[in-house]
$ cat final37.txt   # compact mmCIF, C-alpha atoms
# COMPACT_ATOMS: atom_id res chain seq x y z
CA MET A 1 35.09 -20.05 12.13
CA LYS A 2 36.24 -16.96 10.22
CA LYS A 3 36.25 -18.87 6.91
CA THR A 4 32.78 -20.25 7.64
CA LEU A 5 31.36 -16.77 8.25
CA GLN A 6 33.05 -15.47 5.10
CA PHE A 7 31.54 -18.32 3.06
CA LEU A 8 28.06 -17.71 4.47
CA LEU A 9 28.29 -13.98 3.76
CA THR A 10 29.47 -14.60 0.18
CA THR A 11 26.66 -17.11 -0.36
CA LEU A 12 24.10 -14.61 0.96
CA ILE A 13 25.33 -11.85 -1.36
CA ILE A 14 25.38 -14.14 -4.41
CA GLY A 15 21.95 -15.56 -3.53
CA THR A 16 20.51 -12.07 -3.17
CA HIS A 17 21.98 -11.07 -6.53
CA LEU A 18 20.62 -14.16 -8.26
CA SER A 19 17.14 -13.66 -6.79
CA ALA A 20 16.93 -10.06 -8.05
CA LYS A 21 14.14 -9.82 -10.60
CA ASP A 22 12.46 -7.12 -12.62
CA TYR A 23 8.69 -6.81 -12.38
CA TYR A 24 6.67 -5.09 -15.09
CA ILE A 25 3.42 -3.25 -14.46
CA TYR A 26 0.97 -1.60 -16.84
CA CYS A 27 -0.54 1.60 -15.40
CA ALA A 28 -3.42 3.46 -17.07
CA THR A 29 -3.62 7.27 -17.05
CA GLU A 30 -7.28 8.14 -17.40
CA SER A 31 -6.83 11.84 -18.19
CA GLU A 32 -4.12 11.32 -20.82
CA ASP A 33 -5.30 8.33 -22.90
CA GLU A 34 -1.99 6.72 -22.09
CA VAL A 35 -0.68 3.53 -20.50
CA ALA A 36 2.76 3.45 -18.89
CA LEU A 37 4.88 0.30 -18.80
CA ILE A 38 6.71 0.45 -15.47
CA ARG A 39 9.67 -1.72 -14.46
CA PHE A 40 10.28 -2.31 -10.76
CA ASP A 41 13.73 -3.71 -9.90
CA GLY A 42 12.99 -4.32 -6.24
CA LYS A 43 14.07 -0.85 -5.17
CA THR A 44 13.06 1.69 -7.79
CA ALA A 45 10.27 2.03 -10.33
CA HIS A 46 11.27 3.07 -13.85
CA VAL A 47 8.90 4.19 -16.62
CA GLU A 48 10.13 2.11 -19.57
CA LYS A 49 7.53 3.15 -22.12
CA ARG A 50 4.49 5.37 -22.58
CA ILE A 51 1.86 3.84 -24.84
CA PRO A 52 -0.80 6.03 -26.52
CA VAL A 53 -4.16 4.24 -26.42
CA GLY A 54 -7.55 4.69 -28.04
CA VAL A 55 -8.59 5.57 -31.57
CA TRP A 56 -9.90 9.12 -31.25
CA PRO A 57 -7.08 11.60 -31.94
CA VAL A 58 -8.74 14.69 -30.42
CA GLU A 59 -10.98 13.20 -27.70
CA ILE A 60 -10.17 11.75 -24.28
CA GLU A 61 -11.52 8.19 -24.18
CA GLY A 62 -10.66 7.62 -20.53
CA PRO A 63 -8.71 4.36 -19.96
CA HIS A 64 -9.97 2.96 -16.68
CA GLY A 65 -9.62 -0.77 -15.95
CA ILE A 66 -6.56 -2.76 -17.00
CA THR A 67 -5.48 -6.40 -16.65
CA VAL A 68 -3.12 -8.93 -18.23
CA SER A 69 -4.04 -12.38 -19.56
CA PRO A 70 -2.98 -15.31 -17.31
CA ASP A 71 -0.31 -16.38 -19.82
CA GLY A 72 1.02 -12.83 -20.14
CA SER A 73 0.48 -12.67 -23.90
CA TYR A 74 -2.08 -9.86 -23.97
CA TRP A 75 -3.27 -6.95 -21.88
CA TYR A 76 -6.77 -5.55 -21.81
CA LEU A 77 -7.98 -2.01 -21.24
CA SER A 78 -11.46 -0.60 -20.69
CA MET A 79 -12.12 2.78 -22.28
CA ALA A 80 -14.92 4.46 -20.40
CA HIS A 81 -16.03 7.24 -22.74
CA GLY A 82 -18.04 6.54 -25.85
CA LEU A 83 -20.92 7.65 -28.05
CA PRO A 84 -22.48 6.65 -25.75
CA TYR A 85 -20.94 3.22 -25.11
CA GLY A 86 -17.37 2.43 -24.06
CA HIS A 87 -15.07 -0.30 -25.33
CA LEU A 88 -12.67 -3.04 -24.28
CA TYR A 89 -9.30 -2.91 -26.06
CA LYS A 90 -6.89 -5.82 -26.53
CA TYR A 91 -3.15 -5.24 -26.90
CA LYS A 92 -0.19 -7.57 -27.47
CA THR A 93 2.42 -7.54 -24.70
CA GLY A 94 5.95 -6.82 -25.88
CA THR A 95 4.98 -4.89 -28.99
CA ASP A 96 1.96 -3.25 -27.29
CA GLU A 97 0.15 -3.14 -30.63
CA LEU A 98 -3.65 -2.88 -30.73
CA ILE A 99 -5.18 -6.24 -31.68
CA ASP A 100 -8.93 -5.67 -31.41
CA ARG A 101 -11.71 -3.92 -29.52
CA VAL A 102 -15.33 -4.64 -28.64
CA GLU A 103 -18.18 -2.33 -27.61
CA LEU A 104 -19.56 -2.76 -24.08
CA GLY A 105 -22.02 -0.82 -21.93
CA LEU A 106 -22.06 2.67 -20.46
CA PHE A 107 -18.72 3.69 -18.91
CA PRO A 108 -16.99 0.28 -18.62
CA ALA A 109 -14.56 0.38 -15.71
CA THR A 110 -12.86 -2.28 -13.58
CA MET A 111 -12.41 -5.86 -14.79
CA GLY A 112 -11.12 -9.31 -13.88
CA ILE A 113 -10.35 -12.61 -15.66
CA SER A 114 -11.73 -15.91 -14.35
CA ASN A 115 -9.24 -18.75 -13.86
CA ALA A 116 -12.13 -21.17 -14.36
CA THR A 117 -13.71 -19.84 -17.56
CA GLY A 118 -10.99 -17.64 -19.05
CA LEU A 119 -13.65 -14.96 -19.57
CA LEU A 120 -13.38 -11.27 -18.74
CA TYR A 121 -15.92 -9.67 -16.37
CA ILE A 122 -16.19 -5.89 -16.74
CA VAL A 123 -18.51 -3.62 -14.76
CA ASN A 124 -20.38 -0.93 -16.69
CA PHE A 125 -20.11 1.87 -14.14
CA ASN A 126 -22.52 4.24 -15.95
CA LEU A 127 -20.98 7.27 -14.23
CA HIS A 128 -23.20 9.80 -15.97
CA GLY A 129 -26.44 7.86 -15.55
CA GLY A 130 -29.18 8.62 -13.07
CA HIS A 131 -29.07 7.50 -9.45
CA THR A 132 -31.94 5.10 -10.05
CA ASP A 133 -30.74 3.36 -13.23
CA LYS A 134 -29.42 -0.17 -12.78
CA SER A 135 -26.39 -1.14 -14.80
CA THR A 136 -24.64 -4.36 -15.80
CA VAL A 137 -21.54 -6.55 -15.83
CA SER A 138 -20.31 -7.38 -19.34
CA ILE A 139 -18.89 -10.88 -19.88
CA VAL A 140 -16.41 -11.07 -22.76
CA ASP A 141 -14.59 -13.89 -24.54
CA PRO A 142 -11.09 -12.33 -24.74
CA ASP A 143 -9.90 -14.71 -27.47
CA GLU A 144 -12.66 -13.79 -29.91
CA MET A 145 -13.27 -10.34 -28.39
CA ILE A 146 -17.02 -10.91 -28.30
CA GLU A 147 -19.39 -9.82 -25.54
CA ILE A 148 -21.31 -13.01 -24.78
CA ASP A 149 -23.58 -11.79 -21.98
CA ARG A 150 -24.59 -8.90 -19.73
CA VAL A 151 -25.78 -9.46 -16.18
CA GLU A 152 -27.89 -6.74 -14.58
CA THR A 153 -26.72 -5.75 -11.11
CA GLY A 154 -27.16 -2.40 -9.36
CA ILE A 155 -26.71 1.35 -9.62
CA MET A 156 -23.17 2.38 -10.62
CA PRO A 157 -21.41 -0.97 -10.13
CA HIS A 158 -17.66 -0.79 -9.52
CA GLY A 159 -14.88 -3.13 -8.49
CA SER A 160 -14.52 -6.45 -10.30
CA ARG A 161 -13.09 -9.32 -8.28
CA LEU A 162 -13.11 -13.09 -8.71
CA LEU A 163 -12.34 -15.88 -6.28
CA ASN A 164 -8.93 -17.52 -6.74
CA ASN A 165 -10.67 -20.51 -8.31
CA GLY A 166 -12.52 -18.18 -10.69
CA LEU A 167 -15.97 -19.55 -9.89
CA LYS A 168 -17.58 -16.45 -8.37
CA HIS A 169 -17.47 -12.80 -9.44
CA TYR A 170 -18.12 -9.86 -7.12
CA SER A 171 -18.90 -6.19 -7.71
CA VAL A 172 -20.52 -3.51 -5.58
CA ALA A 173 -23.14 -0.90 -6.49
CA MET A 174 -21.86 2.48 -5.32
CA MET A 175 -25.27 4.14 -5.03
CA SER A 176 -26.99 1.39 -3.05
CA GLY A 177 -24.09 -0.19 -1.17
CA THR A 178 -25.11 -3.65 -2.41
CA LEU A 179 -22.56 -6.39 -3.10
CA TYR A 180 -23.41 -8.69 -6.02
CA GLU A 181 -22.23 -12.27 -6.52
CA ILE A 182 -22.33 -13.77 -10.03
CA ASP A 183 -21.77 -17.45 -10.78
CA ALA A 184 -18.98 -17.38 -13.36
CA MET A 185 -20.07 -20.68 -14.91
CA THR A 186 -23.81 -20.05 -15.30
CA MET A 187 -23.46 -16.25 -15.69
CA GLN A 188 -26.39 -15.84 -13.30
CA LEU A 189 -26.73 -13.52 -10.32
CA ASN A 190 -26.43 -15.68 -7.21
CA ARG A 191 -26.67 -13.51 -4.11
CA THR A 192 -26.70 -9.93 -2.88
CA LEU A 193 -25.47 -8.45 0.37
CA SER A 194 -25.94 -4.99 1.86
CA THR A 195 -22.63 -3.45 2.96
CA ALA A 196 -24.34 -0.80 5.10
CA PRO A 197 -23.85 -1.07 8.89
CA MET A 198 -26.59 -2.96 10.69
CA LYS A 199 -29.04 -0.61 12.38
CA LYS A 200 -30.12 -1.28 15.93
CA MET A 201 -33.80 -2.04 16.30
CA ASN A 202 -35.79 -0.20 18.95
CA LYS A 203 -39.20 -0.90 20.41
CA HIS A 204 -40.86 1.03 17.61
CA SER A 205 -39.05 -0.79 14.79
CA GLY A 206 -41.77 -3.40 14.40
CA HIS A 207 -44.37 -0.71 13.89
CA ASN A 208 -42.16 1.17 11.42
CA MET A 209 -41.82 -1.92 9.24
CA LYS A 210 -45.56 -1.97 8.62
CA MET A 211 -46.50 0.34 5.79
CA LYS A 212 -49.85 1.94 5.21
CA SER A 213 -51.60 1.21 1.97
CA GLY A 214 -50.19 3.42 -0.78
CA ALA A 215 -47.14 4.46 1.24
CA LYS A 216 -43.80 4.66 -0.55
CA MET A 217 -40.62 2.95 0.61
CA ASP A 218 -37.61 5.10 1.48
CA HIS A 219 -34.76 4.62 -1.06
CA LYS A 220 -32.22 7.07 0.32
CA MET A 221 -28.67 6.54 -0.89
CA PRO A 222 -26.34 5.19 1.80
CA PRO A 223 -23.50 7.47 2.98
CA GLU A 224 -20.87 4.75 2.44
CA LYS A 225 -20.81 4.56 -1.39
CA PRO A 226 -18.40 1.60 -1.68
CA THR A 227 -16.42 1.31 -4.92
CA TRP A 228 -14.00 -1.64 -4.60
CA VAL A 229 -14.28 -5.34 -3.83
$ encode --input "final37.txt" --output "structure tokens"
Amino acid sequence: MKKTLQFLLTTLIIGTHLSAKDYYIYCATESEDEVALIRFDGKTAHVEKRIPVGVWPVEIEGPHGITVSPDGSYWYLSMAHGLPYGHLYKYKTGTDELIDRVELGLFPATMGISNATGLLYIVNFNLHGGHTDKSTVSIVDPDEMIEIDRVETGIMPHGSRLLNNGLKHYSVAMMSGTLYEIDAMTMQLNRTLSTAPMKKMNKHSGHNMKMKSGAKMDHKMPPEKPTWV
């Protein structure tokens, strides 16, 4: 019995040692124009490398969104600030050398890669725009680094999430609280959904829905201001 327990304990220790694995994470620092390569060994995070990014030596370009290609060969970074438009940068993993960049819309932010199309979907947050100006989602071919389409969504879109199968893309407009669904294959806007809490209707609600001729609709910004999907 003692030998059996000793064997099991030894096997557990060896198995734990063999299963230990380092995980690497790229982390963007928006205020420093820098990306850190972080290694996590299962217990502690270590900064392995600090990578200067951007092309302007004396201006902050504002790295915002970051993601890695499915095969791990490249990583992509959105740079929000521009004159006036921001850019998407492509870097090689391992060497972390700049490969290419492409101009996008106003203040490009979060992004995601579709498993179905292989394309990148990047929201143009337009942080410094007005609270009535609709913005877009840029769709980029990451191999050729070409913007192939822009889909208009809402005011200050943020968050960029795709289904696991890559067929639908979602982002949310911060200033209207509207969730937008884009068909990744057709690049068309499919559906919208309000994220605001449902309001209870009272006996006067039916009358309030009727508007007098010439009356203006109320477009107050919701208090929620969602930013992630």
$ atom_distance --input "final37.txt" --atom1 "CA of Val68 (chain A)" --atom2 "CA of Leu167 (chain A)"
18.6 Å
$ closest_residue --input "final37.txt" --among "A:Ser138, A:Ser160, A:Gln188, A:Thr132" --to "Met175 (chain A)" --atoms "all atoms listed in the file"
A:Thr132
$ atom_distance --input "final37.txt" --atom1 "CA of Arg50 (chain A)" --atom2 "CA of Ile25 (chain A)"
11.9 Å
$ atom_distance --input "final37.txt" --atom1 "CA of Val172 (chain A)" --atom2 "CA of Val229 (chain A)"
6.7 Å
$ closest_residue --input "final37.txt" --among "A:Met111, A:Ile155, A:Ile146, A:Ile99" --to "Asn126 (chain A)" --atoms "all atoms listed in the file"
A:Ile155
$ residues_around --input "final37.txt" --residues "Ile113 (chain A)" --least-positions-apart "6" --cutoff "8 Å" --atoms "all atoms listed in the file" --output "list in words"
Thr67, Ser69, Leu119, Leu120, Tyr121, Leu162 and Gly166 of chain A
$ write_last_selection --input "final37.txt" --atoms "C-alpha atoms" --output "PDB file, in the frame of the given file"
ATOM      1  CA  THR A  67      -5.480  -6.400 -16.650  1.00  0.00           C
ATOM      2  CA  SER A  69      -4.040 -12.380 -19.560  1.00  0.00           C
ATOM      3  CA  LEU A 119     -13.650 -14.960 -19.570  1.00  0.00           C
ATOM      4  CA  LEU A 120     -13.380 -11.270 -18.740  1.00  0.00           C
ATOM      5  CA  TYR A 121     -15.920  -9.670 -16.370  1.00  0.00           C
ATOM      6  CA  LEU A 162     -13.110 -13.090  -8.710  1.00  0.00           C
ATOM      7  CA  GLY A 166     -12.520 -18.180 -10.690  1.00  0.00           C
TER       8      GLY A 166
END
$ closest_residue --input "final37.txt" --among "A:Lys49, A:His64, A:Lys43, A:Lys168" --to "Glu30 (chain A)" --atoms "only C-alpha atoms"
A:His64
$ axis_aligned_box --input "final37.txt" --around "region 179-182 of chain A" --padding-each-side "6 Å" --output "JSON"
{"center_x": -22.8, "center_y": -10.1, "center_z": -6.6, "size_x": 13.2, "size_y": 19.4, "size_z": 18.9}
